[in-house]
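S.K.: Provided herewith is a single structure, encoded as structure tokens, for subsequent inquiry.
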Amino acid sequence: MHSDRQSRTPMGLKIAAGLGLAFLHLPILLIFLYAFTTEDKSYQFPPPGLTLKWFAVTWNRPDVWEALGLSVRVASISTVVALVLGTLCAAAISQTRFFGRETISLLVILPIALPGIITGISLRSAFNLAEIPFSFWTIVLGHATFCVVVVYNNAVARFRRMSGSLIEASMDLGADGFQTFRYVILPNIGTALLAGGMLAFALSFDEVIVTTFTAGQQSTLPIWMLQELVRPRQRPVTNVVAMVVVLVTFLPILAAYYLTRDGDQISGQGK
């Protein structure tokens with residue numbers, strides 16, 4: 001029956017889907033193509049020639065390594081902060097009932113619903129009022145505001161599908177809070193936390209708008225790319241870096257998808 005439905009799919013719908021996918025992905029493929037071009041001053045199609053020399057040039061650019069290192073450090077620490085705060089918020093919202101619970105849940109997810117420029121301006125104003133100098137940690141705080149939401153959404157969905165009787169049974173059998181978390185809760189929510197952490201890392205790694213308002217004079221990799229597009233030194237180097245950003249963000253998102261697509265099979269569900 002499934003094959004019959006596929007065979008009855010209108011040809012026009014298939015063509016429209018193909019055109020939509022091409023519109024989304026052809027620009028990314030062009031970035032990959034121009035990373036191999038021999039011409040370093042303009043974009044020509046087809047490229048006048050293909051070469052691997054720009055990968056060697058990119059490897060030997062210290063400014064690229066500095067920006068990459070800063071992005072990795074910021075994304076890593078922001079993800080750790082998001083995992084701790086997001087998990088605690090999800091546990092409180094899903095496992096307990098108290099006045100204002102839905103309001104707190106709304107406030108937790110609000111940063112990812114707001115435009116990035118609003119978040120950036122508000123954070124910059126807050127840092128200025130508190131006389132906090134812009135540094136590595138202001139970038140981390142800015143990224144953590146939306147990374148928490150990603151972890152929270154994954155964790156709270158998994159908490160709500162987990163049977164509360166499992167926690168009660170663990171406590172009745174003499175387990176303390178840490179043992180219950182380690183042997184009962186963590187195995188049930190572990191893949192959701194891992195997926196949320198991967199998504200948070202990917203979002204932090206390629207974030208531009210909030211970083212612009214909280215970085216001061218520092219340049220993460222996306223900020224470096226933006227500067228290179230405005231005042232290019234070697235255009236293909238920017239394309240090589242863009243390839244790295246695409247891969248670094250795509251792989252965690254793909255892994256997160258495979259980790260959570262079967263998330264409805266939770267032990268204790270239905271008890």
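Note on naming: chains are A, B, ... as they come in the structure tokens, residues start from 1 per chain, ligands start from 1 in the order shown.
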List as a ChimeraX atom specification the protein and nucleic acid residues near Gly142 in chain A, meaning an atom at most 8 Å away when only C-alpha atoms are counted, but skip any in the same chain fewer than 6 places from it.

M.R.: /A:120,123,210-211,214

S.K.: Using N, CA and C atoms, can you export the residues from the last selection as a short mmCIF file (atom, residue, chain, number, x, y, z; two decimals), in the first residue's frame?

M.R.:
```cif
data_model
loop_
_atom_site.label_atom_id
_atom_site.label_comp_id
_atom_site.auth_asym_id
_atom_site.auth_seq_id
_atom_site.Cartn_x
_atom_site.Cartn_y
_atom_site.Cartn_z
N GLY A 120 20.94 40.52 21.30
CA GLY A 120 22.26 41.13 21.29
C GLY A 120 22.27 42.51 21.89
N LEU A 123 21.65 42.32 25.73
CA LEU A 123 22.83 41.85 26.45
C LEU A 123 23.91 42.92 26.49
N VAL A 210 24.27 37.71 17.82
CA VAL A 210 24.51 37.93 19.24
C VAL A 210 26.00 38.12 19.50
N THR A 211 26.84 37.39 18.78
CA THR A 211 28.28 37.51 18.96
C THR A 211 28.75 38.92 18.60
N THR A 214 28.37 41.12 21.60
CA THR A 214 28.97 40.72 22.89
C THR A 214 30.45 40.40 22.80
#
```

S.K.: Mind checking which residues fall within 9 Å of range 60-66 of chain A, counting only C-alpha atoms, ignoring those fewer than 2 positions away in the same chain, and posting them as JSON, numbers by chain?

M.R.: {"A": [55, 56, 57, 58, 68, 69, 70, 71, 219, 220, 221, 224, 241]}

S.K.: To one decimal in Å, tell me the separation between CA of Val149 in chain A and CA of Ile109 in chain A.

M.R.: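 If I compute the distance from CA of Val149 in chain A to CA of Ile109 in chain A, I get 5.2 Å.
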
S.K.: Please compute the CA of Leu19 in chain A-CA of Arg235 in chain A distance, one decimal, in Å.

M.R.: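 Going from CA of Leu19 in chain A over to CA of Arg235 in chain A, I get 28.5 Å.
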
S.K.: Just checking: using only C-alpha atoms, which residue out of A:Tyr183, A:Phe98, A:Phe250, A:Phe159 ends up closest to Asp206 in chain A?

M.R.: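 Once distances to Asp206 in chain A are computed over only C-alpha atoms, the minimum belongs to A:Phe250.
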
S.K.: Based on the backbone DSSP call, show me all residues of range 2-129 of chain A assigned alpha helix (DSSP H), as a ChimeraX atom specification.

M.R.: /A:2-7,11-34,53-59,62-95,101-113,116-129

S.K.: When you look at Thr87 in chain A with a cut-off of 10 Å (counting only C-alpha atoms), what residues show up, excluding the ones that are within fewer than 4 positions of it in the same chain? I need them as a ChimeraX atom specification.

M.R.: /A:81-83,91-93,148,151-156,159,189,193,196

S.K.: Taking only C-alpha atoms into account, which of A:Leu21, A:Leu226, A:Leu194, A:Met162 comes nearest Val80 in chain A?

M.R.: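 That would be A:Leu194, the residue with the smallest distance to Val80 in chain A.
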
S.K.: Taking only C-alpha atoms into account, name the residue in A:Thr37, A:Ile223, A:Phe32, A:Gly216 that is nearest to Asn128 in chain A.

M.R.: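 Once distances to Asn128 in chain A are computed over only C-alpha atoms, the minimum belongs to A:Gly216.
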
S.K.: By how many Å are CA of Tyr257 in chain A and CA of Ala195 in chain A apart?

M.R.: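 Separation of CA of Tyr257 in chain A and CA of Ala195 in chain A: 7.4 Å.
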
S.K.: Would you mind listing what lies within 10 Å of Ala255 in chain A as a list in words, with only C-alpha atoms counted and same-chain residues fewer than 3 positions away left out?

M.R.: Leu194, Ala195, Met198, Leu199, Phe250, Leu251, Pro252, Tyr258, Leu259 and Thr260 of chain A

S.K.: Report as a ChimeraX atom specification all protein, DNA and RNA residues lying within 10 Å of Thr249 in chain A, evaluated on only C-alpha atoms, omitting residues in the same chain fewer than 4 positions from it.

M.R.: /A:198-206,244-245,253-254
